[in-house]
file final.cif (mmCIF, C-alpha atoms and all ligand atoms)
data_entry
#
loop_
_atom_site.label_atom_id
_atom_site.label_comp_id
_atom_site.auth_asym_id
_atom_site.auth_seq_id
_atom_site.Cartn_x
_atom_site.Cartn_y
_atom_site.Cartn_z
CA MET A 1145 0.00 0.00 0.00
CA LYS A 1146 1.16 3.55 -0.67
CA VAL A 1147 1.12 5.61 2.46
CA LEU A 1148 1.61 9.33 2.93
CA VAL A 1149 2.91 9.99 6.40
CA VAL A 1150 1.55 13.46 7.13
CA PHE A 1151 2.95 15.34 10.11
CA ASN A 1152 3.18 18.92 11.30
CA VAL A 1153 6.40 20.80 11.78
CA ILE A 1154 6.63 23.57 14.34
CA GLU A 1155 9.56 25.90 14.44
CA GLN A 1156 8.35 28.36 17.00
CA LEU A 1157 5.64 28.60 19.61
CA GLU A 1158 3.18 31.45 19.75
CA ARG A 1159 2.25 31.08 23.37
CA GLY A 1160 3.20 29.09 26.41
CA PRO A 1161 6.71 28.62 27.74
CA GLU A 1162 9.55 27.71 25.39
CA GLU A 1163 9.79 24.18 26.77
CA ASP A 1164 6.30 23.35 25.40
CA LEU A 1165 8.18 23.01 22.10
CA PHE A 1166 9.41 19.55 23.23
CA ALA A 1167 5.89 18.25 23.09
CA GLU A 1168 5.18 19.89 19.77
CA GLN A 1169 8.31 18.72 17.99
CA GLU A 1170 7.74 15.11 18.85
CA THR A 1171 5.84 14.39 15.62
CA VAL A 1172 8.93 15.02 13.51
CA LEU A 1173 10.73 12.13 15.19
CA VAL A 1174 7.72 9.87 15.21
CA GLU A 1175 7.30 10.39 11.48
CA GLN A 1176 10.65 8.77 10.81
CA PHE A 1177 9.88 5.79 13.03
CA ILE A 1178 6.50 5.26 11.41
CA GLU A 1179 7.92 5.42 7.90
CA GLN A 1180 10.59 2.85 8.74
CA ALA A 1181 8.00 0.64 10.38
CA LEU A 1182 5.65 0.77 7.39
CA GLN A 1183 8.48 0.15 4.94
CA SER A 1184 9.51 -2.94 6.87
CA HIS A 1185 6.01 -4.25 6.15
CA GLY A 1186 6.42 -3.59 2.45
CA HIS A 1187 4.48 -0.33 2.22
CA ILE A 1188 5.70 2.45 -0.03
CA THR A 1189 5.85 5.66 1.98
CA ALA A 1190 6.30 9.36 1.38
CA PRO A 1191 6.73 11.97 4.11
CA VAL A 1192 4.47 15.03 3.93
CA PRO A 1193 5.51 17.76 6.37
CA ILE A 1194 2.88 20.41 6.99
CA ARG A 1195 4.14 23.88 7.78
CA ASP A 1196 2.16 26.98 6.80
CA ASP A 1197 0.55 25.60 3.68
CA LEU A 1198 -1.94 22.85 4.30
CA TRP A 1199 -3.32 22.15 0.82
CA GLY A 1200 -0.20 22.41 -1.37
CA PRO A 1201 1.79 19.46 -0.05
CA ILE A 1202 -1.23 17.12 -0.08
CA THR A 1203 -2.85 17.98 -3.44
CA ARG A 1204 0.22 16.64 -5.22
CA TYR A 1205 -0.90 13.11 -4.45
CA ASP A 1206 -3.75 11.02 -5.82
CA PRO A 1207 -6.22 9.97 -3.10
CA ASN A 1208 -7.05 6.80 -5.06
CA GLU A 1209 -3.47 5.72 -4.91
CA TRP A 1210 -2.35 6.91 -1.49
CA MET A 1211 -3.71 6.54 2.00
CA ILE A 1212 -2.76 8.97 4.77
CA PHE A 1213 -1.11 7.97 8.03
CA ASN A 1214 -2.09 10.99 10.07
CA LEU A 1215 0.47 12.15 12.62
CA CYS A 1216 -0.61 15.80 12.74
CA GLU A 1217 -1.20 17.31 16.15
CA SER A 1218 -1.57 20.97 15.35
CA PHE A 1219 -1.53 23.48 12.52
CA ARG A 1220 0.16 26.87 12.62
CA ASN A 1221 1.14 26.04 16.20
CA LYS A 1222 -2.49 25.79 17.22
CA THR A 1223 -3.70 22.54 18.65
CA TYR A 1224 -7.32 23.55 18.07
CA LEU A 1225 -6.65 23.68 14.32
CA GLU A 1226 -5.77 19.97 14.29
CA PRO A 1227 -9.27 18.96 13.12
CA TYR A 1228 -9.01 21.33 10.15
CA ILE A 1229 -6.19 19.27 8.72
CA ILE A 1230 -8.53 16.33 8.64
CA SER A 1231 -11.20 18.38 6.91
CA VAL A 1232 -8.70 18.89 4.10
CA PHE A 1233 -8.00 15.14 3.88
CA GLU A 1234 -11.73 14.54 3.64
CA HIS A 1235 -12.29 17.36 1.18
CA LEU A 1236 -9.65 15.94 -1.13
CA GLY A 1237 -11.05 12.41 -0.80
CA PHE A 1238 -8.19 10.81 1.12
CA ARG A 1239 -8.62 7.89 3.42
CA TYR A 1240 -6.67 8.36 6.62
CA THR A 1241 -5.77 6.62 9.84
CA GLY A 1242 -7.24 7.51 13.19
CA SER A 1243 -10.22 9.47 14.37
CA ASP A 1244 -12.28 11.93 12.38
CA ARG A 1245 -12.39 15.68 12.91
CA ARG A 1246 -15.49 15.64 15.11
CA THR A 1247 -13.95 13.23 17.57
CA LEU A 1248 -10.70 15.17 17.61
CA ALA A 1249 -12.50 18.45 18.12
CA THR A 1250 -14.63 17.14 20.98
CA CYS A 1251 -11.77 15.42 22.75
CA LEU A 1252 -9.67 18.56 22.45
CA ASN A 1253 -12.17 20.38 24.58
CA LYS A 1254 -11.93 18.44 27.81
CA ALA A 1255 -15.08 19.96 29.30
CA ARG A 1256 -17.10 19.03 26.22
CA ALA A 1257 -15.62 15.55 26.28
CA LYS A 1258 -16.62 15.18 29.93
CA GLU A 1259 -20.19 16.20 29.14
CA ILE A 1260 -20.37 13.38 26.62
CA LEU A 1261 -18.81 10.87 29.01
CA GLN A 1262 -21.28 11.87 31.70
CA ALA A 1263 -24.18 11.52 29.27
CA HIS A 1264 -23.01 7.95 28.69
CA GLY A 1265 -22.84 7.27 32.42
CA ILE A 1266 -19.05 6.96 32.36
CA PRO A 1267 -17.41 8.14 35.62
CA THR A 1268 -15.27 11.27 35.33
CA ALA A 1269 -14.21 13.78 38.00
CA ALA A 1270 -16.71 16.49 38.97
CA TYR A 1271 -15.68 19.76 37.31
CA GLN A 1272 -16.30 23.43 36.61
CA VAL A 1273 -14.87 25.69 33.92
CA PHE A 1274 -13.53 29.12 34.94
CA THR A 1275 -11.92 32.18 33.49
CA PRO A 1276 -10.43 34.64 36.02
CA TYR A 1277 -13.72 36.56 35.73
CA THR A 1278 -16.14 33.72 36.28
CA ILE A 1279 -14.81 31.88 39.32
CA ASP A 1280 -17.71 30.56 41.35
CA ARG A 1281 -16.40 27.54 43.17
CA ARG A 1282 -18.85 24.86 44.25
CA LEU A 1283 -16.40 21.95 44.38
CA GLU A 1284 -14.49 21.06 47.53
CA PHE A 1285 -10.70 21.27 47.77
CA PRO A 1286 -8.26 19.78 46.81
CA LEU A 1287 -8.83 20.61 43.17
CA PHE A 1288 -6.86 20.12 39.97
CA VAL A 1289 -6.60 22.99 37.48
CA LYS A 1290 -5.66 22.46 33.83
CA PRO A 1291 -6.12 24.24 30.50
CA VAL A 1292 -9.49 23.21 29.05
CA SER A 1293 -8.05 22.63 25.61
CA GLU A 1294 -4.45 21.43 25.61
CA ASP A 1295 -2.85 18.03 25.80
CA ALA A 1296 0.54 16.45 26.49
CA SER A 1297 0.47 17.78 30.09
CA ILE A 1298 0.91 21.30 28.73
CA GLY A 1299 0.22 23.80 31.53
CA ILE A 1300 0.40 21.06 34.21
CA SER A 1301 2.79 21.30 37.15
CA GLN A 1302 2.74 20.82 40.89
CA LYS A 1303 0.92 24.16 41.06
CA SER A 1304 -2.04 22.58 39.25
CA VAL A 1305 -3.05 20.98 42.56
CA VAL A 1306 -4.74 23.67 44.64
CA HIS A 1307 -5.95 23.61 48.24
CA ASP A 1308 -7.44 27.08 48.71
CA ASP A 1309 -9.23 29.85 46.83
CA ARG A 1310 -6.13 31.97 46.54
CA SER A 1311 -4.11 29.34 44.71
CA LEU A 1312 -7.15 28.41 42.64
CA ARG A 1313 -7.44 32.01 41.44
CA ARG A 1314 -3.72 32.17 40.80
CA GLN A 1315 -3.72 29.03 38.67
CA VAL A 1316 -6.82 30.00 36.67
CA ARG A 1317 -5.18 33.34 35.97
CA TYR A 1318 -1.93 31.62 34.95
CA ILE A 1319 -3.74 29.50 32.36
CA TRP A 1320 -5.72 32.47 31.09
CA ASP A 1321 -2.65 34.67 30.71
CA LEU A 1322 -0.37 32.05 29.23
CA TYR A 1323 -2.66 29.89 27.11
CA HIS A 1324 -5.53 32.35 26.53
CA GLU A 1325 -8.16 29.82 27.43
CA PRO A 1326 -10.44 28.91 30.35
CA ALA A 1327 -9.32 26.49 33.02
CA LEU A 1328 -10.94 23.14 33.67
CA VAL A 1329 -11.14 22.75 37.43
CA GLU A 1330 -11.68 19.20 38.62
CA GLU A 1331 -12.00 17.40 41.90
CA PHE A 1332 -8.55 15.89 42.63
CA ILE A 1333 -8.75 12.14 42.12
CA GLU A 1334 -6.42 10.61 44.66
CA GLY A 1335 -5.41 7.13 43.56
CA ARG A 1336 -3.63 4.93 41.04
CA GLU A 1337 -3.24 6.13 37.47
CA PHE A 1338 -3.48 3.96 34.36
CA ASN A 1339 -3.01 4.48 30.63
CA VAL A 1340 -5.25 2.20 28.63
CA THR A 1341 -4.38 1.54 25.02
CA ILE A 1342 -7.17 0.44 22.72
CA LEU A 1343 -7.00 -0.74 19.12
CA GLY A 1344 -9.85 -1.35 16.73
CA ASN A 1345 -13.23 -0.22 15.56
CA ASP A 1346 -16.28 -2.47 15.73
CA SER A 1347 -15.00 -4.48 18.66
CA PRO A 1348 -12.15 -2.47 20.15
CA ARG A 1349 -9.49 -4.46 22.00
CA VAL A 1350 -7.82 -3.33 25.18
CA LEU A 1351 -4.07 -3.93 25.28
CA PRO A 1352 -2.21 -4.67 28.53
CA LEU A 1353 -2.78 -1.91 31.08
CA SER A 1354 0.06 0.43 31.93
CA GLU A 1355 0.28 2.04 35.36
CA ILE A 1356 2.22 5.14 36.37
CA ASN A 1357 4.33 3.97 39.24
CA PHE A 1358 4.10 6.69 41.93
CA ARG A 1359 5.79 4.59 44.60
CA HIS A 1360 8.73 6.99 44.87
CA ILE A 1361 6.54 10.00 45.63
CA ALA A 1362 5.26 10.07 49.20
CA ASN A 1363 2.96 13.10 49.02
CA PRO A 1364 -0.32 11.95 47.38
CA PHE A 1365 -0.85 15.41 45.91
CA ALA A 1366 2.52 15.29 44.18
CA ARG A 1367 1.51 12.09 42.41
CA ILE A 1368 0.69 13.60 39.04
CA VAL A 1369 2.09 13.40 35.51
CA SER A 1370 3.25 16.97 35.09
CA PHE A 1371 4.78 18.46 31.97
CA ARG A 1372 8.26 17.74 33.27
CA ALA A 1373 7.30 14.18 34.16
CA LYS A 1374 6.26 13.63 30.56
CA TRP A 1375 8.91 15.51 28.64
CA VAL A 1376 12.09 16.18 30.61
CA PRO A 1377 13.87 12.81 31.01
CA THR A 1378 16.51 14.27 33.32
CA SER A 1379 13.96 15.76 35.74
CA GLU A 1380 13.12 14.24 39.09
CA GLU A 1381 9.46 14.21 38.10
CA TYR A 1382 10.26 12.07 35.05
CA LEU A 1383 12.46 9.64 36.95
CA LYS A 1384 9.88 9.24 39.70
CA THR A 1385 6.97 8.39 37.42
CA PRO A 1386 8.07 5.26 35.53
CA PRO A 1387 5.36 3.25 33.80
CA THR A 1388 4.73 -0.37 34.70
CA CYS A 1389 3.31 -2.48 31.89
CA PRO A 1390 1.59 -4.82 32.34
CA ALA A 1391 0.16 -3.23 35.45
CA ARG A 1392 -0.25 -5.32 38.56
CA VAL A 1393 -3.98 -5.33 39.10
CA SER A 1394 -6.55 -7.73 40.41
CA ASP A 1395 -8.86 -9.41 37.93
CA SER A 1396 -11.83 -7.40 39.02
CA LEU A 1397 -10.06 -4.04 38.89
CA LYS A 1398 -8.64 -4.88 35.49
CA THR A 1399 -12.11 -5.71 34.19
CA ARG A 1400 -13.53 -2.48 35.60
CA ILE A 1401 -10.77 -0.34 34.09
CA GLU A 1402 -11.01 -2.05 30.72
CA ASP A 1403 -14.75 -1.70 30.66
CA VAL A 1404 -14.72 2.02 31.50
CA ALA A 1405 -11.92 2.68 29.00
CA ARG A 1406 -13.63 0.80 26.20
CA ARG A 1407 -16.90 2.59 26.84
CA ALA A 1408 -15.12 5.95 26.82
CA TYR A 1409 -13.38 5.06 23.53
CA GLN A 1410 -16.70 4.22 21.94
CA ALA A 1411 -18.64 7.10 23.46
CA MET A 1412 -16.15 9.58 22.01
CA GLY A 1413 -16.22 7.80 18.65
CA LEU A 1414 -12.53 6.93 18.45
CA ARG A 1415 -11.24 4.96 15.49
CA ASP A 1416 -8.30 2.61 14.91
CA TYR A 1417 -6.28 3.45 18.03
CA GLY A 1418 -6.28 5.62 21.11
CA ARG A 1419 -5.42 5.88 24.77
CA VAL A 1420 -7.69 6.52 27.73
CA ASP A 1421 -6.17 8.01 30.89
CA ILE A 1422 -7.79 6.80 34.08
CA ARG A 1423 -7.40 7.28 37.82
CA VAL A 1424 -8.96 4.92 40.30
CA LYS A 1425 -10.55 6.15 43.52
CA ASN A 1426 -12.22 3.79 45.99
CA GLY A 1427 -12.06 1.07 43.36
CA LEU A 1428 -13.94 3.13 40.80
CA PRO A 1429 -12.13 4.08 37.56
CA TYR A 1430 -12.59 7.73 36.55
CA VAL A 1431 -11.74 8.84 33.02
CA LEU A 1432 -9.31 11.77 33.06
CA GLU A 1433 -9.28 12.17 29.32
CA VAL A 1434 -9.60 10.30 26.06
CA ASN A 1435 -6.78 10.65 23.55
CA PRO A 1436 -7.68 9.95 19.93
CA ASN A 1437 -4.60 9.67 17.67
CA ALA A 1438 -2.48 9.37 20.81
CA ASP A 1439 1.30 9.58 20.78
CA LEU A 1440 2.85 6.85 18.64
CA SER A 1441 6.47 7.34 19.72
CA PRO A 1442 8.22 4.01 20.21
CA ASP A 1443 8.69 4.82 23.89
CA ALA A 1444 5.15 6.05 24.56
CA GLY A 1445 2.22 4.17 26.07
CA ILE A 1446 0.62 2.68 22.97
CA ALA A 1447 3.82 1.16 21.58
CA ARG A 1448 4.71 -0.15 25.04
CA ALA A 1449 1.36 -1.82 25.55
CA ALA A 1450 1.49 -3.27 22.05
CA ARG A 1451 4.96 -4.67 22.70
CA VAL A 1452 3.83 -6.32 25.91
CA ALA A 1453 1.02 -7.93 23.93
CA GLY A 1454 3.56 -9.33 21.47
CA MET A 1455 3.16 -6.72 18.76
CA SER A 1456 6.35 -5.03 17.56
CA TYR A 1457 6.40 -1.35 16.70
CA ALA A 1458 6.40 -2.22 13.00
CA ASP A 1459 3.41 -4.53 13.50
CA LEU A 1460 1.59 -1.77 15.35
CA ALA A 1461 2.06 0.75 12.53
CA ASP A 1462 0.98 -1.85 9.98
CA GLU A 1463 -2.00 -2.83 12.11
CA ILE A 1464 -3.21 0.77 12.20
CA ILE A 1465 -3.05 0.90 8.40
CA ARG A 1466 -4.95 -2.38 8.18
CA LEU A 1467 -7.63 -1.18 10.57
CA ALA A 1468 -8.09 2.04 8.59
CA ALA A 1469 -8.20 0.15 5.29
CA ARG A 1470 -10.79 -2.27 6.59
CA ARG A 1471 -12.89 0.52 8.07
CA ASN A 1472 -12.89 2.15 4.63
CA HIS A 1473 -13.90 -1.13 2.97
CA MET A 1474 -10.78 -1.01 0.83
CA LYS A 1475 -10.45 -4.17 -1.19
CA GLY A 1476 -7.28 -6.17 -1.58
CA PHE A 1477 -5.81 -5.35 1.81
CA ALA A 1478 -4.90 -7.77 4.49
CA ARG A 1479 -7.27 -8.06 7.42
CA PRO A 1480 -6.26 -6.56 10.76
CA ARG A 1481 -4.33 -9.16 12.65
CA ILE A 1482 -5.70 -8.67 16.12
CA VAL A 1483 -7.37 -11.71 17.52
CA THR A 1484 -8.14 -12.44 21.10
CA TYR A 1485 -5.45 -14.68 22.32
CA GLU A 1486 -4.41 -16.10 25.62
CA LEU A 1487 -1.15 -14.36 26.36
CA LYS A 1488 0.71 -15.91 29.23
CA ALA A 1489 0.20 -12.79 31.19
CA ARG A 1490 2.74 -11.73 33.72
CA SER A 1491 0.51 -9.21 35.39
CA ALA A 1492 -0.50 -10.59 38.77
CA GLY A 1493 -3.96 -12.01 38.80
CA SER A 1494 -4.61 -11.10 35.22
CA ASP A 1495 -6.75 -13.41 33.11
CA GLY A 1496 -4.35 -12.67 30.28
CA VAL A 1497 -6.85 -12.18 27.50
CA TYR A 1498 -5.20 -9.65 25.26
CA SER A 1499 -5.08 -8.85 21.61
CA ILE A 1500 -2.00 -9.72 19.67
CA PRO A 1501 -1.17 -10.06 16.01
CA VAL A 1502 -1.92 -13.37 14.39
CA SER A 1503 1.61 -13.28 13.00
CA ALA A 1504 2.85 -13.94 16.51
CA LEU A 1505 0.98 -17.23 16.32
CA ALA A 1506 1.87 -18.03 12.73
CA PRO A 1507 2.10 -21.82 12.45
CA ASP A 1508 4.66 -21.69 9.62
CA ASN A 1509 7.49 -20.92 12.01
CA PRO A 1510 6.67 -22.19 15.50
CA GLN A 1511 10.21 -21.73 16.77
CA ALA A 1512 10.27 -18.06 15.79
CA THR A 1513 6.83 -17.60 17.33
CA LEU A 1514 7.93 -19.08 20.62
CA LYS A 1515 11.09 -17.03 20.66
CA ARG A 1516 9.12 -13.91 19.96
CA LEU A 1517 6.60 -14.54 22.68
CA ARG A 1518 9.36 -15.21 25.18
CA SER A 1519 11.22 -12.06 24.24
CA VAL A 1520 8.28 -9.77 24.88
CA GLN A 1521 9.67 -7.04 27.06
CA PRO A 1522 7.60 -4.89 29.36
CA ALA A 1523 9.65 -1.79 28.62
CA GLY A 1524 12.33 -0.46 26.30
CA VAL A 1525 12.54 1.79 23.29
CA ALA A 1526 13.66 -0.36 20.40
CA ALA A 1527 10.98 -1.97 18.31
N1 LIG B 1601 -8.70 15.35 38.35
C1 LIG B 1601 -7.43 14.97 38.51
N2 LIG B 1601 -7.01 14.47 39.69
C2 LIG B 1601 -5.72 14.09 39.88
N3 LIG B 1601 -4.78 14.18 38.94
C3 LIG B 1601 -5.14 14.66 37.72
C4 LIG B 1601 -6.46 15.08 37.46
N4 LIG B 1601 -6.51 15.51 36.17
C5 LIG B 1601 -5.27 15.36 35.68
N5 LIG B 1601 -4.43 14.87 36.61
C6 LIG B 1601 -2.99 14.60 36.44
O1 LIG B 1601 -2.49 15.42 35.37
C7 LIG B 1601 -2.03 14.62 34.29
C8 LIG B 1601 -2.41 15.24 32.96
O2 LIG B 1601 -3.81 15.40 32.89
P1 LIG B 1601 -4.64 14.98 31.62
O3 LIG B 1601 -6.06 15.35 31.89
O4 LIG B 1601 -4.36 13.56 31.26
O5 LIG B 1601 -4.08 15.99 30.52
P2 LIG B 1601 -3.08 15.86 29.30
O6 LIG B 1601 -3.95 16.00 28.12
O7 LIG B 1601 -2.20 17.02 29.44
O8 LIG B 1601 -2.40 14.52 29.41
C9 LIG B 1601 -2.67 13.26 34.50
O9 LIG B 1601 -1.88 12.25 33.91
C10 LIG B 1601 -2.74 13.17 36.03
O10 LIG B 1601 -1.52 12.74 36.60
MG MG B 1602 -3.26 12.67 29.68
#

call {"tool": "encode", "arguments": {"input": "final.cif", "output": "structure tokens"}}
result
Amino acid sequence: MKVLVVFNVIEQLERGPEEDLFAEQETVLVEQFIEQALQSHGHITAPVPIRDDLWGPITRYDPNEWMIFNLCESFRNKTYLEPYIISVFEHLGFRYTGSDRRTLATCLNKARAKEILQAHGIPTAAYQVFTPYTIDRRLEFPLFVKPVSEDASIGISQKSVVHDDRSLRRQVRYIWDLYHEPALVEEFIEGREFNVTILGNDSPRVLPLSEINFRHIANPFARIVSFRAKWVPTSEEYLKTPPTCPARVSDSLKTRIEDVARRAYQAMGLRDYGRVDIRVKNGLPYVLEVNPNADLSPDAGIARAARVAGMSYADLADEIIRLAARRNHMKGFARPRIVTYELKARSAGSDGVYSIPVSALAPDNPQATLKRLRSVQPAGVAA
């Protein structure tokens, strides 16, 4: 298959601190990994960087010949313009991987996304939305304050956890001044945090759960994934929030988390792949946010979960293409390989029913299959 790997390139930020650029430049690196991965599965690829001109670079290609692997996260440095890129794909008649523009737009507005989750009866933290001029607190402290429409932990630090009205006002003002948007103020969910990777469309499959290991942080209010924890590998925050995949969870908790995550994925209309962030309080999983087209870096949550399930990075990229092709009823393409399969799970108490590629079970080379299953690593960067 011929695949255009479309990604956005950002040279400079318009707002927010300089370090936010880390998060924004990630797609440039991921593009190279995805191209390599697709090529290793025999796909012909072409990179399409998007800078200021959105139409020009894409109109050169024939939508009947090429499919788009969409890695765009913003346009003209604006995250909220991300869905517009997809409108152009659709306008030009391209088929593309991942969620459509409506899903992206709704998930980008976390308050709107929470309204939808609530309407579906999916637990999510109680919340209010404030600008510095509309603060009318009804929720009880401690609270968590974040920009209503950013991702990648942008605008999130230890100061996001507030215990009194003064710091609440300060943080709402900070977000307003720096990001020019309202703040989403939520009840602080004290408890374990999980990233749940899901692949698929009609019957989405949950991959092995990943947990943020907060064991090295004593203060429960410091147990958060701040911007530094996500993006600055040398920071204390980063080093003290390692992921554990597969997570050690009881059967019943695992089932509850998977169920809530899958329902959130479907309620928000995600396609092909995504990640649901969850925190568990008193045994009840609360959805923090739903991430359509979530980070596909080889060292990020989706690739890690896939690897634990026996799916290499290259298989993951190929699987996403297969899912998108099947969803578009494209003829002549291989079926997605995910099948439910009994993985000899190492997560304590897990029933071990995960999705893995059929290729891992391929009968033509049982030795290679066994070797591959044994070599599944819970962490690591290389595919
Ligand atoms: N209501 C909350 N209670 C406790 N921690 C939270 C809450 N909301 C967010 N966090 C912490 O902040 C991190 C980032 O928040 P999230 O909503 O996932 O935004 P982002 O899109 O930036 O990833 C989470 O991973 C979690 O550690
Ligand atoms: Mg998140």

call {"tool": "closest_atom_pairs", "arguments": {"input": "final.cif", "of": "chain A", "to": "ligand LIG 1601 (chain B)", "cutoff": "9 Å", "atoms": "only C-alpha atoms and all ligand atoms", "output": "CSV"}}
result
residue,atom,partner,partner_atom,distance
A:Leu1252,CA,B:LIG1601,O6,8.5
A:Lys1254,CA,B:LIG1601,O3,7.8
A:Thr1268,CA,B:LIG1601,N1,8.3
A:Ala1269,CA,B:LIG1601,N1,5.7
A:Ala1270,CA,B:LIG1601,N1,8.1
A:Tyr1271,CA,B:LIG1601,N1,8.3
A:Pro1286,CA,B:LIG1601,N2,9.0
A:Leu1287,CA,B:LIG1601,N1,7.1
A:Phe1288,CA,B:LIG1601,N1,5.4
A:Val1289,CA,B:LIG1601,N4,7.6
A:Lys1290,CA,B:LIG1601,C5,7.3
A:Pro1291,CA,B:LIG1601,O7,8.3
A:Ser1293,CA,B:LIG1601,O6,8.2
A:Glu1294,CA,B:LIG1601,O6,6.0
A:Asp1295,CA,B:LIG1601,O6,3.3
A:Ala1296,CA,B:LIG1601,O7,4.1
A:Ser1297,CA,B:LIG1601,O7,2.9
A:Ile1298,CA,B:LIG1601,O7,5.3
A:Gly1299,CA,B:LIG1601,O7,7.5
A:Ile1300,CA,B:LIG1601,O1,6.4
A:Ser1301,CA,B:LIG1601,O1,8.1
A:Ser1304,CA,B:LIG1601,O1,8.2
A:Val1305,CA,B:LIG1601,C2,7.9
A:Val1329,CA,B:LIG1601,N1,7.8
A:Glu1330,CA,B:LIG1601,N1,4.9
A:Glu1331,CA,B:LIG1601,N1,5.3
A:Phe1332,CA,B:LIG1601,N2,3.6
A:Ile1333,CA,B:LIG1601,N2,3.8
A:Glu1334,CA,B:LIG1601,C2,6.0
A:Gly1335,CA,B:LIG1601,C2,7.9
A:Glu1337,CA,B:LIG1601,O10,6.9
A:Phe1338,CA,B:LIG1601,O9,8.5
A:Asn1339,CA,B:LIG1601,O9,8.5
A:Ile1356,CA,B:LIG1601,O10,8.5
A:Phe1365,CA,B:LIG1601,C2,7.9
A:Ala1366,CA,B:LIG1601,O10,9.0
A:Arg1367,CA,B:LIG1601,O10,6.6
A:Ile1368,CA,B:LIG1601,O10,3.4
A:Val1369,CA,B:LIG1601,O10,3.8
A:Ser1370,CA,B:LIG1601,C7,5.8
A:Phe1371,CA,B:LIG1601,O7,7.6
A:Lys1374,CA,B:LIG1601,O8,8.8
A:Val1420,CA,B:LIG1601,O4,8.6
A:Asp1421,CA,B:LIG1601,O4,5.8
A:Ile1422,CA,B:LIG1601,O9,8.0
A:Arg1423,CA,B:LIG1601,C2,7.3
A:Tyr1430,CA,B:LIG1601,N1,8.7
A:Val1431,CA,B:LIG1601,O3,8.7
A:Leu1432,CA,B:LIG1601,O3,5.0
A:Glu1433,CA,B:LIG1601,O3,5.2
A:Val1434,CA,B:LIG1601,O4,8.1
A:Asn1435,CA,B:LIG1601,O6,7.6

call {"tool": "closest_residue", "arguments": {"input": "final.cif", "among": "A:Ser1347, A:Val1340, A:Lys1475, A:Tyr1457", "to": "ligand MG 1602 (chain B)", "atoms": "all atoms listed in the file"}}
result
A:Val1340

call {"tool": "atom_distance", "arguments": {"input": "final.cif", "atom1": "CA of Asp1443 (chain A)", "atom2": "CA of Val1150 (chain A)"}}
result
20.2 Å

call {"tool": "closest_residue", "arguments": {"input": "final.cif", "among": "A:Ile1194, A:Ile1260, A:Ile1446, A:Leu1414", "to": "Gly1344 (chain A)", "atoms": "all atoms listed in the file"}}
result
A:Leu1414

call {"tool": "closest_residue", "arguments": {"input": "final.cif", "among": "A:Arg1314, A:His1235, A:Arg1406, A:His1324", "to": "Ile1202 (chain A)", "atoms": "only C-alpha atoms"}}
result
A:His1235

call {"tool": "atom_distance", "arguments": {"input": "final.cif", "atom1": "CA of Leu1225 (chain A)", "atom2": "CA of Asn1472 (chain A)"}}
result
24.4 Å

call {"tool": "residues_around", "arguments": {"input": "final.cif", "residues": "Ala1255 (chain A)", "least_positions_apart": "6", "cutoff": "8 Å", "atoms": "all atoms listed in the file", "output": "list in words"}}
result
Val1273, Val1292 and Leu1328 of chain A

call {"tool": "closest_residue", "arguments": {"input": "final.cif", "among": "A:Pro1352, A:Arg1407, A:Ala1450, A:Thr1247", "to": "Gly1265 (chain A)", "atoms": "all atoms listed in the file"}}
result
A:Arg1407

call {"tool": "residues_near_point", "arguments": {"input": "final.cif", "point": "(-11.3, -3.3, 34.0)", "cutoff": "12 Å", "atoms": "only C-alpha atoms", "output": "count of residues only"}}
result
33
